[in-house]
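Structure data follow from input10.cif (mmCIF, C-alpha atoms):
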data_entry
loop_
_atom_site.label_atom_id
_atom_site.label_comp_id
_atom_site.auth_asym_id
_atom_site.auth_seq_id
_atom_site.Cartn_x
_atom_site.Cartn_y
_atom_site.Cartn_z
CA MET A 1 118.33 104.79 110.75
CA SER A 2 119.78 107.36 108.33
CA GLU A 3 118.16 110.66 107.51
CA PHE A 4 118.37 112.23 104.06
CA TRP A 5 117.64 115.77 102.96
CA LEU A 6 117.43 117.19 99.46
CA ILE A 7 118.88 120.67 99.90
CA SER A 8 118.28 123.17 97.12
CA ALA A 9 120.63 126.07 96.36
CA PRO A 10 120.79 128.65 93.53
CA GLY A 11 122.48 127.34 90.41
CA ASP A 12 124.62 130.38 89.57
CA LYS A 13 128.40 130.11 89.38
CA GLU A 14 128.97 131.39 92.88
CA ASN A 15 126.67 128.86 94.54
CA LEU A 16 127.74 125.82 92.49
CA GLN A 17 130.38 125.53 95.18
CA ALA A 18 127.75 125.14 97.89
CA LEU A 19 128.20 121.36 98.00
CA GLU A 20 131.92 121.78 98.56
CA ARG A 21 131.31 124.28 101.35
CA LEU A 22 128.67 122.00 102.88
CA ASN A 23 131.19 119.15 102.84
CA THR A 24 133.76 121.37 104.53
CA VAL A 25 131.39 122.47 107.28
CA THR A 26 129.82 119.08 108.04
CA SER A 27 133.01 117.00 107.78
CA LYS A 28 134.58 118.76 110.76
CA SER A 29 132.21 117.00 113.17
CA ASN A 30 131.26 114.14 110.89
CA LEU A 31 127.74 115.51 110.76
CA SER A 32 126.68 114.16 107.38
CA TYR A 33 127.67 112.63 104.08
CA ASN A 34 126.72 114.77 101.07
CA THR A 35 126.34 113.92 97.40
CA LYS A 36 125.10 115.81 94.37
CA PHE A 37 121.44 115.43 93.43
CA ALA A 38 121.23 116.47 89.80
CA ILE A 39 118.13 118.32 88.61
CA PRO A 40 118.00 119.22 84.90
CA ASP A 41 117.12 122.64 83.50
CA PHE A 42 113.40 122.56 82.81
CA LYS A 43 111.26 124.91 80.77
CA VAL A 44 110.02 127.11 83.57
CA GLY A 45 106.95 128.69 81.98
CA THR A 46 104.84 131.35 83.67
CA LEU A 47 104.32 132.17 87.31
CA ASP A 48 100.67 131.08 87.13
CA SER A 49 101.61 127.70 85.69
CA LEU A 50 104.23 127.17 88.40
CA VAL A 51 101.77 128.00 91.16
CA GLY A 52 99.33 125.50 89.68
CA LEU A 53 102.08 122.89 89.37
CA SER A 54 103.07 123.44 92.98
CA ASP A 55 99.59 122.43 94.13
CA GLU A 56 99.35 119.58 91.66
CA LEU A 57 102.75 118.18 92.61
CA GLY A 58 101.78 118.28 96.27
CA LYS A 59 98.74 116.11 95.58
CA LEU A 60 100.69 113.82 93.25
CA ASP A 61 103.39 113.45 95.91
CA THR A 62 100.84 112.29 98.48
CA PHE A 63 99.23 109.94 95.98
CA ALA A 64 102.59 108.41 95.02
CA GLU A 65 103.49 107.86 98.67
CA SER A 66 100.17 106.15 99.33
CA LEU A 67 100.62 103.95 96.26
CA ILE A 68 104.12 102.90 97.28
CA LYS A 69 102.90 102.11 100.77
CA ARG A 70 100.12 99.91 99.42
CA MET A 71 102.46 98.13 97.02
CA ALA A 72 105.01 97.45 99.75
CA GLN A 73 102.25 96.11 101.99
CA SER A 74 101.09 93.88 99.15
CA VAL A 75 104.61 92.46 98.83
CA VAL A 76 104.59 91.75 102.58
CA GLU A 77 101.24 89.96 102.30
CA VAL A 78 102.23 87.94 99.23
CA MET A 79 105.54 86.91 100.83
CA GLU A 80 103.88 85.91 104.10
CA ASP A 81 106.03 82.78 104.34
CA ALA A 82 109.30 84.58 103.56
CA LYS A 83 109.03 87.96 105.28
CA GLY A 84 112.76 88.00 105.92
CA LYS A 85 113.31 88.40 102.17
CA VAL A 86 110.86 91.26 101.62
CA GLN A 87 113.51 93.96 101.72
CA GLU A 88 115.54 92.45 98.88
CA ASN A 89 112.44 92.54 96.69
CA LEU A 90 111.77 96.26 97.23
CA LEU A 91 114.36 97.82 94.96
CA ALA A 92 114.71 100.62 92.40
CA ASN A 93 116.00 98.61 89.45
CA GLY A 94 116.81 100.32 86.18
CA GLY A 95 116.84 103.74 87.73
CA LEU A 96 120.47 104.68 87.14
CA LYS A 97 122.64 104.77 84.05
CA GLU A 98 121.71 102.62 81.05
CA LYS A 99 124.60 100.22 81.61
CA MET A 100 123.38 99.63 85.20
CA LYS A 101 119.74 98.90 84.42
CA CYS A 102 120.25 95.17 84.89
CA LEU A 103 121.60 95.65 88.42
CA LYS A 104 119.62 95.48 91.64
CA ILE A 105 119.68 99.01 93.08
CA ASP A 106 118.66 99.44 96.71
CA LEU A 107 116.57 102.50 97.53
CA THR A 108 119.33 104.32 99.40
CA SER A 109 121.74 103.99 96.47
CA PHE A 110 119.08 105.22 94.09
CA VAL A 111 118.57 108.37 96.13
CA THR A 112 122.26 109.13 96.60
CA HIS A 113 123.05 108.45 92.91
CA PHE A 114 119.88 109.88 91.42
CA GLU A 115 119.91 110.81 87.75
CA TRP A 116 116.95 112.23 85.90
CA ASP A 117 115.54 109.73 83.38
CA MET A 118 115.54 111.76 80.16
CA ALA A 119 114.04 108.90 78.14
CA LYS A 120 110.91 108.59 80.27
CA TYR A 121 110.52 112.20 81.30
CA PRO A 122 112.19 114.50 78.72
CA ALA A 123 113.35 117.70 80.40
CA LYS A 124 112.82 119.62 77.16
CA GLN A 125 109.08 119.12 77.43
CA PRO A 126 107.03 121.73 79.30
CA LEU A 127 106.80 120.99 83.01
CA PRO A 128 103.01 120.34 82.89
CA SER A 129 103.65 117.59 80.30
CA VAL A 130 106.28 115.96 82.48
CA VAL A 131 103.97 116.05 85.50
CA ASP A 132 101.11 114.66 83.41
CA THR A 133 103.30 111.75 82.27
CA LEU A 134 104.15 110.91 85.88
CA ALA A 135 100.52 111.21 86.98
CA LYS A 136 99.28 108.88 84.19
CA GLN A 137 102.02 106.35 84.95
CA LEU A 138 101.12 106.19 88.64
CA ALA A 139 97.38 106.11 87.91
CA GLN A 140 97.87 103.13 85.59
CA ILE A 141 99.97 101.31 88.19
CA GLU A 142 97.25 101.90 90.79
CA THR A 143 94.55 100.57 88.45
CA ASP A 144 96.58 97.45 87.70
CA LEU A 145 97.39 97.02 91.40
CA LYS A 146 93.71 96.99 92.33
CA GLY A 147 92.87 94.45 89.66
CA ARG A 148 95.78 92.11 90.31
CA THR A 149 95.58 92.13 94.09
CA ALA A 150 91.78 91.90 94.34
CA ALA A 151 91.61 88.33 93.04
CA TYR A 152 94.61 87.23 95.09
CA SER A 153 93.26 88.88 98.23
CA THR A 154 89.89 87.17 97.82
CA LEU A 155 91.62 83.83 97.29
CA LYS A 156 93.89 84.38 100.29
CA ALA A 157 90.98 85.46 102.50
CA THR A 158 89.04 82.30 101.61
CA LEU A 159 92.07 80.13 102.38
CA ASP A 160 92.72 81.98 105.63
CA SER A 161 89.11 81.42 106.66
CA LEU A 162 89.37 77.70 105.96
CA ASN A 163 92.69 77.49 107.78
CA GLN A 164 91.24 79.30 110.78
CA LYS A 165 88.41 76.81 110.91
CA ALA A 166 90.93 73.99 110.80
CA LYS A 167 92.86 75.52 113.70
CA ALA A 168 89.85 76.33 115.88
CA ASN A 169 88.88 74.32 118.95
CA LEU A 170 86.99 71.04 118.74
CA PHE A 171 83.63 72.77 119.19
CA THR A 172 83.89 74.86 116.01
CA ARG A 173 86.69 73.55 113.77
CA THR A 174 86.02 71.78 110.49
CA LEU A 175 86.14 68.01 110.74
CA SER A 176 86.63 67.12 107.07
CA ASP A 177 90.37 66.64 107.56
CA ILE A 178 89.89 64.54 110.72
CA VAL A 179 87.12 62.01 110.25
CA ASN A 180 87.04 58.98 107.97
CA LYS A 181 84.26 56.78 106.71
CA ASP A 182 85.50 53.89 108.85
CA ASP A 183 84.89 55.92 112.02
CA PHE A 184 81.09 55.78 111.57
CA VAL A 185 78.26 53.29 111.36
CA LEU A 186 76.44 54.42 108.23
CA ASP A 187 73.13 53.51 106.57
CA SER A 188 71.83 51.69 109.66
CA GLU A 189 68.17 51.93 110.61
CA TYR A 190 68.87 51.44 114.32
CA LEU A 191 72.48 52.47 115.09
CA VAL A 192 74.24 55.82 114.90
CA THR A 193 77.74 57.06 115.68
CA LEU A 194 78.14 60.26 117.67
CA LEU A 195 81.21 62.46 118.20
CA VAL A 196 81.91 63.46 121.80
CA ILE A 197 84.36 66.11 123.01
CA VAL A 198 86.07 65.02 126.22
CA PRO A 199 88.38 67.31 128.28
CA THR A 200 91.90 65.93 128.59
CA GLN A 201 91.63 65.48 132.36
CA ASN A 202 88.43 63.40 131.91
CA TYR A 203 89.76 60.74 129.53
CA ILE A 204 89.81 58.01 132.20
CA GLN A 205 86.35 58.94 133.42
CA TRP A 206 85.01 58.75 129.86
CA GLN A 207 86.44 55.28 129.30
CA LYS A 208 84.90 54.06 132.56
CA THR A 209 81.46 55.61 132.21
CA TYR A 210 80.47 56.09 128.53
CA GLU A 211 78.83 52.65 128.26
CA SER A 212 76.60 53.37 131.28
CA LEU A 213 75.46 56.85 130.18
CA SER A 214 72.47 55.18 128.46
CA ASP A 215 70.91 51.73 128.27
CA MET A 216 71.67 51.11 124.59
CA VAL A 217 75.32 52.09 124.06
CA VAL A 218 77.36 49.60 122.06
CA PRO A 219 80.14 48.24 124.32
CA ARG A 220 83.75 49.02 123.39
CA SER A 221 82.58 51.28 120.56
CA THR A 222 84.53 54.39 121.55
CA LYS A 223 87.69 55.49 119.78
CA LEU A 224 89.89 58.61 120.04
CA ILE A 225 90.19 60.06 116.52
CA PHE A 226 91.71 63.49 117.26
CA GLU A 227 92.93 65.62 120.14
CA ASP A 228 94.28 69.08 120.79
CA LYS A 229 95.71 70.74 123.89
CA GLU A 230 92.27 71.06 125.50
CA GLY A 231 90.72 67.66 124.88
CA GLY A 232 89.95 64.80 122.53
CA LEU A 233 87.29 63.86 120.00
CA PHE A 234 85.86 60.39 120.64
CA THR A 235 83.39 58.31 118.67
CA VAL A 236 80.66 56.27 120.35
CA THR A 237 77.96 54.06 118.77
CA LEU A 238 74.46 53.66 120.23
CA PHE A 239 70.85 53.10 119.26
CA ARG A 240 69.11 56.05 117.64
CA LYS A 241 66.19 56.08 120.09
CA VAL A 242 68.46 56.93 123.08
CA ILE A 243 70.33 59.85 121.45
CA ASP A 244 68.58 62.54 123.49
CA ASP A 245 69.02 60.67 126.75
CA PHE A 246 72.70 60.03 126.01
CA LYS A 247 73.32 63.72 125.21
CA ALA A 248 71.71 64.84 128.48
CA ARG A 249 73.66 62.35 130.59
CA ALA A 250 76.93 63.17 128.78
CA LYS A 251 76.47 66.89 129.44
CA GLU A 252 75.97 66.21 133.14
CA ASN A 253 79.38 64.52 133.14
CA LYS A 254 81.05 67.39 131.21
CA PHE A 255 81.13 65.46 127.94
CA MET A 256 79.86 67.50 124.97
CA VAL A 257 78.30 65.81 121.93
CA ARG A 258 79.40 67.56 118.71
CA GLU A 259 76.59 67.78 116.16
CA PHE A 260 77.94 66.20 112.99
CA TYR A 261 76.55 64.14 110.14
CA TYR A 262 79.02 62.26 107.96
CA ASP A 263 78.35 63.12 104.33
CA GLU A 264 81.06 61.65 102.14
CA LYS A 265 80.20 63.84 99.15
CA GLU A 266 80.34 67.02 101.23
CA ILE A 267 83.64 66.06 102.86
CA THR A 268 85.15 65.21 99.47
CA ARG A 269 83.94 68.54 98.12
CA GLU A 270 85.58 70.45 101.01
CA ARG A 271 88.88 68.64 100.54
CA GLU A 272 88.86 69.26 96.78
CA GLU A 273 88.02 72.93 97.35
CA MET A 274 91.02 73.33 99.66
CA THR A 275 93.29 71.62 97.11
CA ARG A 276 91.94 73.83 94.32
CA LEU A 277 92.46 77.04 96.32
CA LEU A 278 96.01 76.09 97.27
CA SER A 279 96.81 75.34 93.64
CA ALA A 280 95.27 78.62 92.45
CA LYS A 281 97.23 80.59 95.05
CA LYS A 282 100.47 78.92 93.99
CA GLN A 283 99.77 79.74 90.34
CA GLN A 284 99.08 83.41 91.10
CA TYR A 285 101.97 83.86 93.52
CA GLY A 286 104.85 84.04 91.04
CA PRO A 287 103.31 86.38 88.43
CA LEU A 288 101.88 88.70 91.08
CA LEU A 289 105.15 88.98 93.01
CA ARG A 290 107.08 89.70 89.80
CA TRP A 291 104.58 92.39 88.85
CA LEU A 292 104.77 93.97 92.30
CA LYS A 293 108.58 94.03 92.25
CA VAL A 294 108.74 95.65 88.81
CA ASN A 295 106.02 98.20 89.43
CA PHE A 296 107.12 99.04 92.97
CA SER A 297 110.43 99.99 91.41
CA GLU A 298 108.67 102.05 88.72
CA ALA A 299 106.47 103.83 91.28
CA PHE A 300 109.40 104.55 93.60
CA ILE A 301 111.50 105.94 90.76
CA ALA A 302 108.58 108.11 89.65
CA TRP A 303 108.14 109.33 93.23
CA VAL A 304 111.74 110.51 93.50
CA HIS A 305 111.34 112.30 90.17
CA ILE A 306 108.27 114.01 91.62
CA LYS A 307 110.36 115.09 94.61
CA ALA A 308 112.97 116.51 92.25
CA LEU A 309 110.24 118.44 90.46
CA ARG A 310 108.87 119.76 93.75
CA VAL A 311 112.32 120.99 94.77
CA PHE A 312 112.72 122.69 91.40
CA VAL A 313 109.27 124.30 91.32
CA GLU A 314 109.34 125.44 94.97
CA SER A 315 112.82 126.87 94.48
CA VAL A 316 111.91 128.77 91.31
CA LEU A 317 108.77 130.14 92.95
CA ARG A 318 110.90 131.53 95.77
CA GLY A 319 113.70 133.17 93.90
CA TRP A 320 114.75 132.30 90.40
CA ARG A 321 113.74 134.50 87.50
CA LEU A 322 110.59 133.11 85.89
CA GLY A 323 110.28 132.40 82.18
CA ASP A 324 114.00 132.93 81.39
CA GLU A 325 115.28 129.67 79.88
CA SER A 326 118.86 130.93 79.92
CA GLN A 327 118.82 131.13 83.68
CA THR A 328 120.56 128.23 85.42
CA GLY A 329 118.16 126.28 87.57
CA PRO A 330 118.58 125.29 91.22
CA ALA A 331 121.32 122.89 92.22
CA ALA A 332 120.58 120.27 94.87
CA ALA A 333 122.49 117.92 97.13
CA VAL A 334 121.34 114.85 99.01
CA THR A 335 122.65 114.85 102.57
CA SER A 336 122.79 111.77 104.77
CA VAL A 337 122.65 112.64 108.47
CA PRO A 338 123.39 109.84 110.98
CA ARG A 339 121.06 110.51 113.92
CA ARG A 340 123.45 108.91 116.37
CA LEU A 341 126.05 111.58 115.56
CA CYS A 342 124.17 114.83 115.73
CA ASP A 343 120.98 116.77 116.18
CA THR A 344 119.64 117.33 112.65
CA SER A 345 119.00 120.97 113.49
CA THR A 346 122.78 121.48 113.45
CA VAL A 347 123.14 120.43 109.83
CA LYS A 348 119.96 122.35 109.02
CA SER A 349 121.50 125.55 110.32
CA HIS A 350 124.62 124.97 108.19
CA ALA A 351 122.48 124.34 105.12
CA GLN A 352 120.52 127.47 105.94
CA SER A 353 123.62 129.62 106.04
CA LEU A 354 125.07 128.04 102.89
CA CYS A 355 121.89 128.79 100.97
CA ARG A 356 121.88 132.49 101.86
CA GLY A 357 122.97 134.38 98.76
CA LYS A 358 122.51 137.44 96.60
CA ARG A 359 119.11 138.54 95.46
CA SER A 360 118.49 138.27 91.73
CA SER A 361 118.54 141.25 89.40
CA ARG A 362 114.75 141.30 89.48
CA SER A 363 114.74 141.60 93.29
CA HIS A 364 112.96 138.28 93.85
CA ALA A 365 113.34 137.02 97.41
CA HIS A 366 116.08 134.40 97.60
CA PRO A 367 114.58 130.92 98.03
CA CYS A 368 116.78 130.06 100.96
CA SER A 369 116.81 133.42 102.69
CA GLY A 370 116.61 131.85 106.13
CA ARG A 371 112.89 131.54 106.62
CA ARG A 372 111.00 128.29 106.58
CA VAL A 373 109.48 128.15 103.11
CA SER A 374 107.00 125.36 103.69
CA SER A 375 105.79 123.01 106.38
CA LEU A 376 104.44 120.20 104.21
CA ARG A 377 104.88 116.96 106.07
CA VAL A 378 104.64 113.48 104.61
CA SER A 379 103.22 110.90 107.00
CA ARG A 380 105.35 107.96 108.15
CA LEU A 381 105.14 104.89 105.95
CA GLY A 382 105.60 102.42 108.80
CA SER A 383 108.41 100.10 109.81
CA PHE A 384 107.16 97.28 107.55
CA ILE A 385 108.41 99.22 104.47
CA PRO A 386 112.21 99.05 104.33
CA GLN A 387 114.17 102.07 103.07
CA ILE A 388 111.27 104.21 101.87
CA LEU A 389 111.71 107.97 101.61
CA GLN A 390 110.15 110.15 104.33
CA LEU A 391 109.95 113.71 103.05
CA ALA A 392 109.30 117.18 104.43
CA PHE A 393 110.15 120.60 103.01
CA PHE A 394 112.47 122.80 105.09
CA ILE A 395 114.18 125.91 103.74
CA CYS A 396 113.88 124.70 100.16
CA SER A 397 114.95 121.23 101.24
CA VAL A 398 113.37 117.81 101.46
CA CYS A 399 113.90 115.72 104.58
CA VAL A 400 114.23 112.05 103.73
CA GLU A 401 114.21 109.31 106.36
CA ILE A 402 114.93 105.77 105.24
CA PRO A 403 113.96 103.16 107.89
CA GLY A 404 116.03 100.08 108.50
CA PRO A 405 115.13 96.51 107.55
CA PHE A 406 112.10 94.55 108.77
#
Structure rendered as structure tokens:
Amino acid sequence: MSEFWLISAPGDKENLQALERLNTVTSKSNLSYNTKFAIPDFKVGTLDSLVGLSDELGKLDTFAESLIKRMAQSVVEVMEDAKGKVQENLLANGGLKEKMKCLKIDLTSFVTHFEWDMAKYPAKQPLPSVVDTLAKQLAQIETDLKGRTAAYSTLKATLDSLNQKAKANLFTRTLSDIVNKDDFVLDSEYLVTLLVIVPTQNYIQWQKTYESLSDMVVPRSTKLIFEDKEGGLFTVTLFRKVIDDFKARAKENKFMVREFYYDEKEITREREEMTRLLSAKKQQYGPLLRWLKVNFSEAFIAWVHIKALRVFVESVLRGWRLGDESQTGPAAAVTSVPRRLCDTSTVKSHAQSLCRGKRSSRSHAHPCSGRRVSSLRVSRLGSFIPQILQLAFFICSVCVEIPGPF
């Protein structure tokens, strides 16, 4: 497992070299691999608007994470027969440069090569407009997700229920896929065919005794039509007037009569229903999976943009001059920290020292002045989601954990 942080530093000339210094410090002990995480210069606005955006982005961040989690889980459920290929369908396509939009970009590469999408989210727009665009995009994806997955989930649940009945024991399972018309005496005024469940160890006893369980059992009328690991389902034909007596005597010998009436129309209906449901599921599978792949990518890309906005807004609130568009915004780096090589607190301390700098001319506290600026923690997404960002603010940084494959 690799761990990623988005570390924010002041964007003045002196601190543009922070990435180089971070590389120098961490390379000595092979603590981490660091790359630039570009954040454009946004229209900062007023302090009040930034405070409001900070709260709004926090909620939007949580919502985006929840949406991505649900979409990834939906991919797992849809690809139930090919779970080994789930990871290759959870990508961030079209998130990098225009000439690379046709490529399949894994989530790690997207994070380490992140570029702000100016076409979707113009940096020249006021920050509230950018946030509103992201919020509407994710809300629309969630609405579509509910609608598209509801029908498929209902269909899948119905099929699962039918399959469970088909896999149950002989006392409760459906018999429409087992019995045939030829197994029964039908439309007789005097004779009837019963189904009897016989434990495996009692097969010989059944063959020897079934004819003597009642006075009017048709000789040599029994036949094994199905069996599982616990026992077999036998037919036996007898006169209708001795049914109750036969049932009582069979129970005494540990043979259980299964209540069943052969209705050809009902059995045909059940078989056609199963065929129809399987066909409907197959028809929905392709379009739904394609939609999930495309929109998971869109949601994930939007989420990383939200993280970039949170880094920017939290950084400005803690040190950069507000409302001055000529002021260079915060610079950020994405740092990959192999857990097997070091305690992450080591790299954190280096990042902390690198971010200590001069106070601005307006005497605002520096954003990375050594104190923990926030303790917002994003819950774990779970091991079933491959390479999804895990984020937590530390010293104007975002901690990103990307789990391994399924």
Next on the checklist: Quick check on the file I pasted: which residues fall under the PyMOL selection byres ((chain A and resi 55) around 12)? Write them as a PyMOL selection string.
Outcome noted: chain A and resi 48-54+56-62+128+131+309-310+313-314+376
With C-alpha atoms retained, could you export that selection as an mmCIF file, in the frame of the given file?
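Heads up, here's the output in result07.cif:
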data_model
loop_
_atom_site.group_PDB
_atom_site.id
_atom_site.type_symbol
_atom_site.label_atom_id
_atom_site.label_comp_id
_atom_site.auth_asym_id
_atom_site.auth_seq_id
_atom_site.Cartn_x
_atom_site.Cartn_y
_atom_site.Cartn_z
ATOM 1 C CA ASP A 48 100.670 131.080 87.130
ATOM 2 C CA SER A 49 101.610 127.700 85.690
ATOM 3 C CA LEU A 50 104.230 127.170 88.400
ATOM 4 C CA VAL A 51 101.770 128.000 91.160
ATOM 5 C CA GLY A 52 99.330 125.500 89.680
ATOM 6 C CA LEU A 53 102.080 122.890 89.370
ATOM 7 C CA SER A 54 103.070 123.440 92.980
ATOM 8 C CA GLU A 56 99.350 119.580 91.660
ATOM 9 C CA LEU A 57 102.750 118.180 92.610
ATOM 10 C CA GLY A 58 101.780 118.280 96.270
ATOM 11 C CA LYS A 59 98.740 116.110 95.580
ATOM 12 C CA LEU A 60 100.690 113.820 93.250
ATOM 13 C CA ASP A 61 103.390 113.450 95.910
ATOM 14 C CA THR A 62 100.840 112.290 98.480
ATOM 15 C CA PRO A 128 103.010 120.340 82.890
ATOM 16 C CA VAL A 131 103.970 116.050 85.500
ATOM 17 C CA LEU A 309 110.240 118.440 90.460
ATOM 18 C CA ARG A 310 108.870 119.760 93.750
ATOM 19 C CA VAL A 313 109.270 124.300 91.320
ATOM 20 C CA GLU A 314 109.340 125.440 94.970
ATOM 21 C CA LEU A 376 104.440 120.200 104.210
#
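Closest approach to Thr46 (chain A) from the set A:Leu107, A:Ile68, A:Val25, A:Leu317 is made by A:Leu317, with distances taken over all atoms listed in the file.
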Checklist entry - What is the distance between CA of Leu191 (chain A) and CA of Glu270 (chain A), in Å to one decimal? => result 26.3 Å
Checklist entry - Exactly which residues make up the result of the PyMOL selection byres ((chain A and resi 70) around 12) on this file, given as a list in words? => result Phe63, Ala64, Glu65, Ser66, Leu67, Ile68, Lys69, Met71, Ala72, Gln73, Ser74, Val75, Val76, Glu77, Ile141, Glu142, Leu145, Lys146, Thr149, Leu292, Asn295, Phe296, Ala299, Phe300, Leu381, Gly382, Phe384 and Ile385 of chain A
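Here CA of Phe312 (chain A) and CA of Asp106 (chain A) stand 24.6 Å from one another.
A straight line drawn from CA of Phe226 (chain A) to CA of Glu189 (chain A) is 27.1 Å long.
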Item to check | For Asp245 (chain A), the nearest of the candidates A:Leu138, A:Val217, A:Lys223, A:Arg290, counting all atoms listed in the file | outcome: A:Val217
Checklist entry - Can you list what the PyMOL selection byres ((chain A and resi 257) around 8) grabs from this structure, as a PyMOL selection string? => result chain A and resi 194-197+247+250-251+255-256+258-259
Checklist entry - When distances are computed from all atoms listed in the file, which of A:Thr235, A:Ser221, A:Gln140, A:Asn180 shows the smallest separation from Val198 (chain A)? => result A:Thr235
